[in-house]
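Below is one structure, written out as structure tokens; the observations come after it.
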Number of protein chains: 2
Amino acid sequence: MDPTHDPSLTSWIESANGGGDFSIQNLPFGVFRRRDEDEPGRIGIAIGEMIVDVTACRDEGRFSGLAERAAGACAAPVLNPLMRLGAEPRRELRRQVSALLAADSPAYRSNRRLGNRILVAQRNAEMLLPAEIGDYTDFYASVHHATNVGGMFRPDNPLLPNYKWVPIGYHGRASSIVPSGTPVRRPRGQSRPPDADSPSFGPTRSLDYEMELGLFVGPGNPLGRPVPIELAEEQIFGFCLVNDWSARDLQAWEYQPLGPFLAKNFATSISPWVVTLEALEPFRAPAFARPPGDPAPLDYLTSPANAESGAVAVSVEVHLMTARMREQGLEPVRLSRGSAAELYWTPAQLVAHHTSNGCDLRAGDLLASGTISGPARESRGCLLELTWRGAEPLALPGGETRKFLEDGDEVIMRGYCEREGAARIGFGECRGVVLEAG
Amino acid sequence: MDPTHDPSLTSWIESANGGGDFSIQNLPFGVFRRRDEDEPGRIGIAIGEMIVDVTACRDEGRFSGLAERAAGACAAPVLNPLMRLGAEPRRELRRQVSALLAADSPAYRSNRRLGNRILVAQRNAEMLLPAEIGDYTDFYASVHHATNVGGMFRPDNPLLPNYKWVPIGYHGRASSIVPSGTPVRRPRGQSRPPDADSPSFGPTRSLDYEMELGLFVGPGNPLGRPVPIELAEEQIFGFCLVNDWSARDLQAWEYQPLGPFLAKNFATSISPWVVTLEALEPFRAPAFARPPGDPAPLDYLTSPANAESGAVAVSVEVHLMTARMREQGLEPVRLSRGSAAELYWTPAQLVAHHTSNGCDLRAGDLLASGTISGPARESRGCLLELTWRGAEPLALPGGETRKFLEDGDEVIMRGYCEREGAARIGFGECRGVVLEAG
């Protein structure tokens, strides 16, 4: 077993050992800034309630070989240079950081004040975007989501004929991706109510979230050079949570024939910690079991390894805290729980498809899964599905109801991997509160 | 009259005075590299057959005030910092460059060798992408194109109900935008022929170009702060030509419900010179004259100035040179000629719409018009329309025919503004040759 997967491994940083998100088996990468300092971002690794400052470790001479090379790339204020190096330097850096943080670390034994030099408390840090995102692609990989949404708009024909052949995706907006915690202003736009002859312009009346899993690309492929599925995972740096905020009334009016545009590009929130593919190794799962009658994927989307363990069993939850619940001292209420293992396409299939025409991915590009919904009602990953387009409002603790989001609502997304015999791997949170239209 | 618009103004650089693309009234910005040097890009201004090296002029102490500030931003290898400064510094830089290059320039009179220090011949330069393009948006602003294409796919319902209300657009791929001259490899992908039960994967059989006008953003707006239409032109740095290469068979199969993706993102070519809004001033035209019965644009897309002169009367031409024509020593053949003045939406309307939901544009972002087609057959801006989906092949000089592009075909786009009493403003060329599938 790779030592970073040993569930019995503990850290001298006590808060890493309590079964929380950031165990020593996790070690996700992010970019932070000390709250009281006006400095560019620094690259860190989450451990318990702390952050390991990678550059500070490097300055202490803690790395060698490929890990030293990876740590050198962490001198940048974004993860792109590290992502560009590809998998092997990242893996070696993880191994050496794991050894440094382990309870039996010789470095710690010989210097009990090591933490003062390499750790920053998460509560004293502001988390920034982990990378400069060149291009952002959003897929539509949940067949349950596609079937539900298709059924609302096309009851006779919910799933289009291409769905089970093509990993459907589209390009989203990179500029308006914001880190967790950034408030999101309710957008204005055109919509045409069903009973109106002509559209009007104003604040959206059906603001929604979408619970998605995001994938950061590294190292990237040159233009004109597809990535075969067998090598696709070498292009995956890691994963985060994505809230693809959506204005459903704008979307219904604008999306034909070229897809969503202003209904989505006003904001996309992401969680700040990027969980590596290595950390997810114990939580790999078989690709989606296609029901009888579904076609097999075409050759360029097929490999034995992908079929056997191409999926990632990440559980995702959406919680809501309204302004009134906050006033009443209530806890956030969970709206849904789903799993990325139920996506129709695996991460490797998304990468292979995206590059199959020669399109280049660059280190730092973000690919999102699309809304993660499962077959059960409680696994639906957006309000559009949960309330069936507003027809079945949700009852909230404290007596409120919701069809769509209201001003002051905070959406809190969480992700984690858990199973017997493996340490918990958590994604932290992706939060965003809705501000009134400006 | 602003001196930069005086059509009688000539330059001491003789090649600028012959009625070509790059008169002293034009002065477009671009990024070049000397062919024999391994250096980062340098910012230049085209004049006749030469390029003015902006940094070399600055080193000579040729600029003052706002122009000096603008020239300082030109020390970068891309135009983004200059774009970020906004309109006024750019305008002042243009005025001072114009004075420096004018036939009566005191600087030239006192030093006839000035050209040796500030000029590079275009034939000795390689043109690079003018900017780091953060996000690329492609619109669908030609009602003639939308009607033609819609009619092929939906004969009963060619133009969707939203078209005359919403400037339809979608996000394209920034990573695969390449400068003119870059060969384009025929993409592979999924398509399903009309007579087939299931799709297959292979090289596209209907590769097409789309003739578009592109707009570079500068300075950009913050997230959450829409740009009102009255201020929208302050966000336009300048224009270029865009070839939105398209694989029609892939497109037909993949585009529902989220829009074009792999059918477009394998390559987009742009011309390297960015023609400023200032240079186009003599060629402003009224916004599209909506026929009776069409709705008026909503308020957020309406201003008196936009109605009066919001359009740009840029003529665009597509020429084709096949491998066999090249062998036979034939000239490229013109396939179409259209005008950006016939677009249903003006550049200011595209900017105002794009930001109306609070979406942020950043300096260097590219907005393209969508295919520019006019009402006449010879003004159709892509092969899909010209050959009516392959049903009416084009006859070429030398005896060949074309439904769609074949390997070895070179597409050559040109753009220019011409009218009595104004100097010609040219865009140069946007070229790309098709390579066989890899």
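To be explicit about the labels: the chains of the structure tokens are called A, B, and onward in the order shown, and within each one the residues are counted from 1, while ligands get numbers from 1 in the order they are shown.
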
> If you count only C-alpha atoms, which residues fall within 7 Å of Leu129 of chain A, apart from same-chain ones fewer than 5 positions away, as a list in words?
Replying inline: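 Skipping anything fewer than 5 positions along the chain leaves Val31, Val178, Pro179 and Pro272 of chain A.
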
Keeping N, CA and C atoms for every residue in the selection just given, could you write it to a file as a PDB file, in the first residue's frame?
ATOM      1  N   VAL A  31      -4.749  27.662  -2.566  1.00  0.00           N
ATOM      2  CA  VAL A  31      -4.005  28.921  -2.538  1.00  0.00           C
ATOM      3  C   VAL A  31      -4.610  29.805  -1.457  1.00  0.00           C
ATOM      4  N   VAL A 178     -15.699  32.145  -8.954  1.00  0.00           N
ATOM      5  CA  VAL A 178     -15.289  32.789  -7.702  1.00  0.00           C
ATOM      6  C   VAL A 178     -15.076  31.724  -6.631  1.00  0.00           C
ATOM      7  N   PRO A 179     -14.203  32.018  -5.658  1.00  0.00           N
ATOM      8  CA  PRO A 179     -13.984  31.024  -4.601  1.00  0.00           C
ATOM      9  C   PRO A 179     -15.133  31.018  -3.597  1.00  0.00           C
ATOM     10  N   PRO A 272     -12.275  25.708  -2.398  1.00  0.00           N
ATOM     11  CA  PRO A 272     -10.883  26.138  -2.638  1.00  0.00           C
ATOM     12  C   PRO A 272      -9.841  25.034  -2.599  1.00  0.00           C
TER      13      PRO A 272
END

Could you give me, as a tab-separated table, every chain B residue with an atom at most 8 Å from chain A, plus its closest atom pair and distance in Å to one decimal, counting only C-alpha atoms, rows ordered by chain then number?
residue	atom	partner	partner_atom	distance
B:Gly134	CA	A:Gly134	CA	6.2
B:Asp135	CA	A:Ala174	CA	6.5
B:Leu160	CA	A:Gln256	CA	7.5
B:Asn162	CA	A:Glu254	CA	6.6
B:Trp165	CA	A:Pro199	CA	7.7
B:Val166	CA	A:Glu254	CA	6.9
B:Ile168	CA	A:Glu254	CA	7.0
B:Gly169	CA	A:Phe261	CA	6.7
B:Tyr170	CA	A:Phe261	CA	5.4
B:His171	CA	A:His171	CA	5.3
B:Gly172	CA	A:His171	CA	6.0
B:Arg173	CA	A:His171	CA	6.7
B:Ala174	CA	A:Asp135	CA	6.5
B:Ser175	CA	A:Asp360	CA	6.5
B:Ser176	CA	A:Asp360	CA	6.4
B:Arg185	CA	A:Gly224	CA	6.6
B:Pro187	CA	A:Asn357	CA	4.7
B:Arg188	CA	A:Asn357	CA	4.9
B:Gly189	CA	A:Asn357	CA	5.8
B:Gln190	CA	A:Val166	CA	7.7
B:Pro199	CA	A:Trp165	CA	7.7
B:Ser200	CA	A:Leu298	CA	7.7
B:Phe201	CA	A:Leu298	CA	7.6
B:Leu223	CA	A:Ser176	CA	6.7
B:Gly224	CA	A:Arg185	CA	6.6
B:Trp253	CA	A:Asn162	CA	6.7
B:Glu254	CA	A:Asn162	CA	6.7
B:Tyr255	CA	A:Leu258	CA	7.5
B:Gln256	CA	A:Leu160	CA	7.5
B:Pro257	CA	A:Gly259	CA	6.5
B:Leu258	CA	A:Gly259	CA	4.1
B:Gly259	CA	A:Leu258	CA	4.1
B:Pro260	CA	A:Leu258	CA	6.5
B:Phe261	CA	A:Tyr170	CA	5.4
B:Leu262	CA	A:Asn357	CA	6.4
B:Asn265	CA	A:Cys359	CA	6.0
B:Phe266	CA	A:Cys359	CA	4.6
B:Ala267	CA	A:Cys359	CA	7.4
B:Leu298	CA	A:Phe201	CA	7.7
B:His354	CA	A:Leu262	CA	7.0
B:Ser356	CA	A:Gly189	CA	6.6
B:Asn357	CA	A:Pro187	CA	4.7
B:Gly358	CA	A:Phe266	CA	5.7
B:Cys359	CA	A:Phe266	CA	4.6
B:Asp360	CA	A:Ser176	CA	6.4
B:Leu361	CA	A:Ser175	CA	7.2
B:Arg362	CA	A:Ser175	CA	7.4
B:Gly438	CA	A:Gly224	CA	7.7

> Got a sec to tell me which of segment 235-298 of chain B DSSP assigns to helix (DSSP H, G or I), as a ChimeraX atom specification?
Replying inline: /B:235,248-254,281-283

Selection file, all heavy atoms, as a CSV table (one decimal), in the first residue's frame:
chain,number,residue,atom,x,y,z
B,235,GLN,N,-15.8,50.1,-23.9
B,235,GLN,CA,-15.3,48.8,-23.6
B,235,GLN,C,-14.7,48.1,-24.9
B,235,GLN,O,-14.3,46.9,-24.8
B,235,GLN,CB,-16.4,47.9,-23.0
B,235,GLN,CG,-16.8,48.4,-21.6
B,235,GLN,CD,-15.8,48.2,-20.6
B,235,GLN,OE1,-14.8,47.4,-20.8
B,235,GLN,NE2,-15.9,48.8,-19.5
B,248,ARG,N,-19.7,20.4,-39.5
B,248,ARG,CA,-21.1,20.4,-39.5
B,248,ARG,C,-21.8,19.1,-39.1
B,248,ARG,O,-22.9,19.1,-38.5
B,248,ARG,CB,-21.6,20.9,-40.8
B,248,ARG,CG,-21.2,22.2,-41.3
B,248,ARG,CD,-21.6,23.3,-40.3
B,248,ARG,NE,-21.2,24.7,-40.8
B,248,ARG,CZ,-21.3,25.8,-40.2
B,248,ARG,NH1,-21.8,25.7,-38.9
B,248,ARG,NH2,-20.9,26.9,-40.7
B,249,ASP,N,-21.1,18.0,-39.4
B,249,ASP,CA,-21.7,16.7,-39.0
B,249,ASP,C,-21.6,16.5,-37.5
B,249,ASP,O,-22.5,16.0,-36.9
B,249,ASP,CB,-21.1,15.6,-39.9
B,249,ASP,CG,-19.5,15.7,-40.0
B,249,ASP,OD1,-18.9,16.6,-39.5
B,249,ASP,OD2,-18.9,14.8,-40.6
B,250,LEU,N,-20.4,16.8,-37.0
B,250,LEU,CA,-20.3,16.8,-35.5
B,250,LEU,C,-21.3,17.7,-34.8
B,250,LEU,O,-22.0,17.3,-33.8
B,250,LEU,CB,-18.9,17.2,-35.1
B,250,LEU,CG,-17.8,16.2,-35.1
B,250,LEU,CD1,-17.6,15.6,-36.5
B,250,LEU,CD2,-16.5,16.8,-34.6
B,251,GLN,N,-21.5,18.9,-35.4
B,251,GLN,CA,-22.4,19.9,-34.8
B,251,GLN,C,-23.8,19.4,-34.8
B,251,GLN,O,-24.5,19.5,-33.8
B,251,GLN,CB,-22.3,21.2,-35.6
B,251,GLN,CG,-23.0,22.4,-35.0
B,251,GLN,CD,-22.8,23.7,-35.8
B,251,GLN,OE1,-22.0,23.7,-36.7
B,251,GLN,NE2,-23.4,24.7,-35.4
B,252,ALA,N,-24.3,18.8,-35.9
B,252,ALA,CA,-25.7,18.4,-36.0
B,252,ALA,C,-26.0,17.3,-34.9
B,252,ALA,O,-27.1,17.3,-34.4
B,252,ALA,CB,-26.0,17.9,-37.4
B,253,TRP,N,-25.0,16.5,-34.7
B,253,TRP,CA,-25.2,15.4,-33.7
B,253,TRP,C,-25.1,15.8,-32.3
B,253,TRP,O,-25.8,15.3,-31.4
B,253,TRP,CB,-24.2,14.3,-34.1
B,253,TRP,CG,-24.2,13.0,-33.2
B,253,TRP,CD1,-23.1,12.5,-32.6
B,253,TRP,CD2,-25.3,12.2,-32.8
B,253,TRP,NE1,-23.4,11.4,-31.8
B,253,TRP,CE2,-24.8,11.2,-32.0
B,253,TRP,CE3,-26.7,12.2,-33.1
B,253,TRP,CZ2,-25.6,10.2,-31.4
B,253,TRP,CZ3,-27.5,11.2,-32.6
B,253,TRP,CH2,-26.9,10.2,-31.7
B,254,GLU,N,-24.2,16.7,-32.0
B,254,GLU,CA,-23.9,17.0,-30.6
B,254,GLU,C,-24.6,18.2,-30.0
B,254,GLU,O,-24.7,18.4,-28.8
B,254,GLU,CB,-22.4,17.3,-30.4
B,254,GLU,CG,-22.0,18.7,-30.9
B,254,GLU,CD,-20.5,19.1,-30.5
B,254,GLU,OE1,-19.8,18.3,-29.8
B,254,GLU,OE2,-20.2,20.2,-30.9
B,281,GLU,N,-14.1,55.2,-37.2
B,281,GLU,CA,-15.0,56.3,-37.0
B,281,GLU,C,-15.7,56.8,-38.3
B,281,GLU,O,-16.9,56.9,-38.3
B,281,GLU,CB,-14.2,57.4,-36.3
B,281,GLU,CG,-15.1,58.4,-35.5
B,281,GLU,CD,-16.1,57.6,-34.6
B,281,GLU,OE1,-15.6,56.8,-33.7
B,281,GLU,OE2,-17.3,57.9,-34.6
B,282,PRO,N,-14.9,56.9,-39.4
B,282,PRO,CA,-15.6,57.4,-40.6
B,282,PRO,C,-16.5,56.3,-41.3
B,282,PRO,O,-17.2,56.6,-42.2
B,282,PRO,CB,-14.4,57.6,-41.6
B,282,PRO,CG,-13.2,57.7,-40.7
B,282,PRO,CD,-13.5,56.8,-39.6
B,283,PHE,N,-16.5,55.1,-40.7
B,283,PHE,CA,-17.3,54.0,-41.3
B,283,PHE,C,-18.4,53.6,-40.3
B,283,PHE,O,-18.9,52.4,-40.5
B,283,PHE,CB,-16.4,52.9,-41.7
B,283,PHE,CG,-15.4,53.3,-42.7
B,283,PHE,CD1,-14.1,53.7,-42.3
B,283,PHE,CD2,-15.7,53.5,-44.0
B,283,PHE,CE1,-13.1,54.2,-43.2
B,283,PHE,CE2,-14.7,53.9,-44.9
B,283,PHE,CZ,-13.4,54.3,-44.5

>> I'd like the contact shell of segment 216-218 of chain A - 9 Å cut-off, only C-alpha atoms, skipping same-chain residues fewer than 4 positions apart - returned as a list in words.
In response: Asn80, Leu82, Met83, Arg84, Leu85, Gly86, Ala87, Ala131, Ile133, Glu234, Gln235, Ile236, Phe237, Gly238, Phe239, Cys240, Val274, Val351, Leu361, Arg362, Ala363, Gly364, Asp365, Leu366, Leu367 and Ala368 of chain A

Go ahead and write the selection's residues with C-alpha atoms as a compact mmCIF listing (two decimals), in the first residue's frame.
# COMPACT_ATOMS: atom_id res chain seq x y z
CA ASN A 80 -0.91 26.25 -12.68
CA LEU A 82 2.51 22.65 -10.42
CA MET A 83 -0.39 21.37 -12.52
CA ARG A 84 1.77 21.76 -15.63
CA LEU A 85 4.41 19.38 -14.23
CA GLY A 86 2.05 16.44 -14.42
CA ALA A 87 1.39 13.59 -12.05
CA ALA A 131 -5.66 28.32 -10.34
CA ILE A 133 -8.62 29.03 -15.09
CA GLU A 234 -2.64 11.46 -16.28
CA GLN A 235 -4.33 14.75 -17.24
CA ILE A 236 -6.29 15.03 -13.99
CA PHE A 237 -4.69 17.06 -11.23
CA GLY A 238 -7.59 16.84 -8.82
CA PHE A 239 -11.16 17.66 -7.94
CA CYS A 240 -13.23 20.35 -6.22
CA VAL A 274 -8.21 20.57 -4.80
CA VAL A 351 -11.11 14.20 -20.83
CA LEU A 361 -6.63 21.44 -22.53
CA ARG A 362 -4.26 23.61 -20.53
CA ALA A 363 -3.04 23.17 -16.98
CA GLY A 364 -5.57 24.92 -14.74
CA ASP A 365 -8.57 24.36 -16.99
CA LEU A 366 -11.69 23.36 -15.11
CA LEU A 367 -14.07 20.61 -16.27
CA ALA A 368 -17.27 20.24 -14.29

> Just how far from atom CA of Arg95 of chain B is atom CA of Cys430 of chain B, in Å to one decimal?
Replying inline: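 Between atom CA of Cys430 of chain B and atom CA of Arg95 of chain B the gap is 27.0 Å.
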
> By how many Å are atom CA of Glu406 of chain A and atom CA of Gly390 of chain A apart?
Replying inline: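 One can read the atom CA of Glu406 of chain A to atom CA of Gly390 of chain A distance as 13.0 Å.
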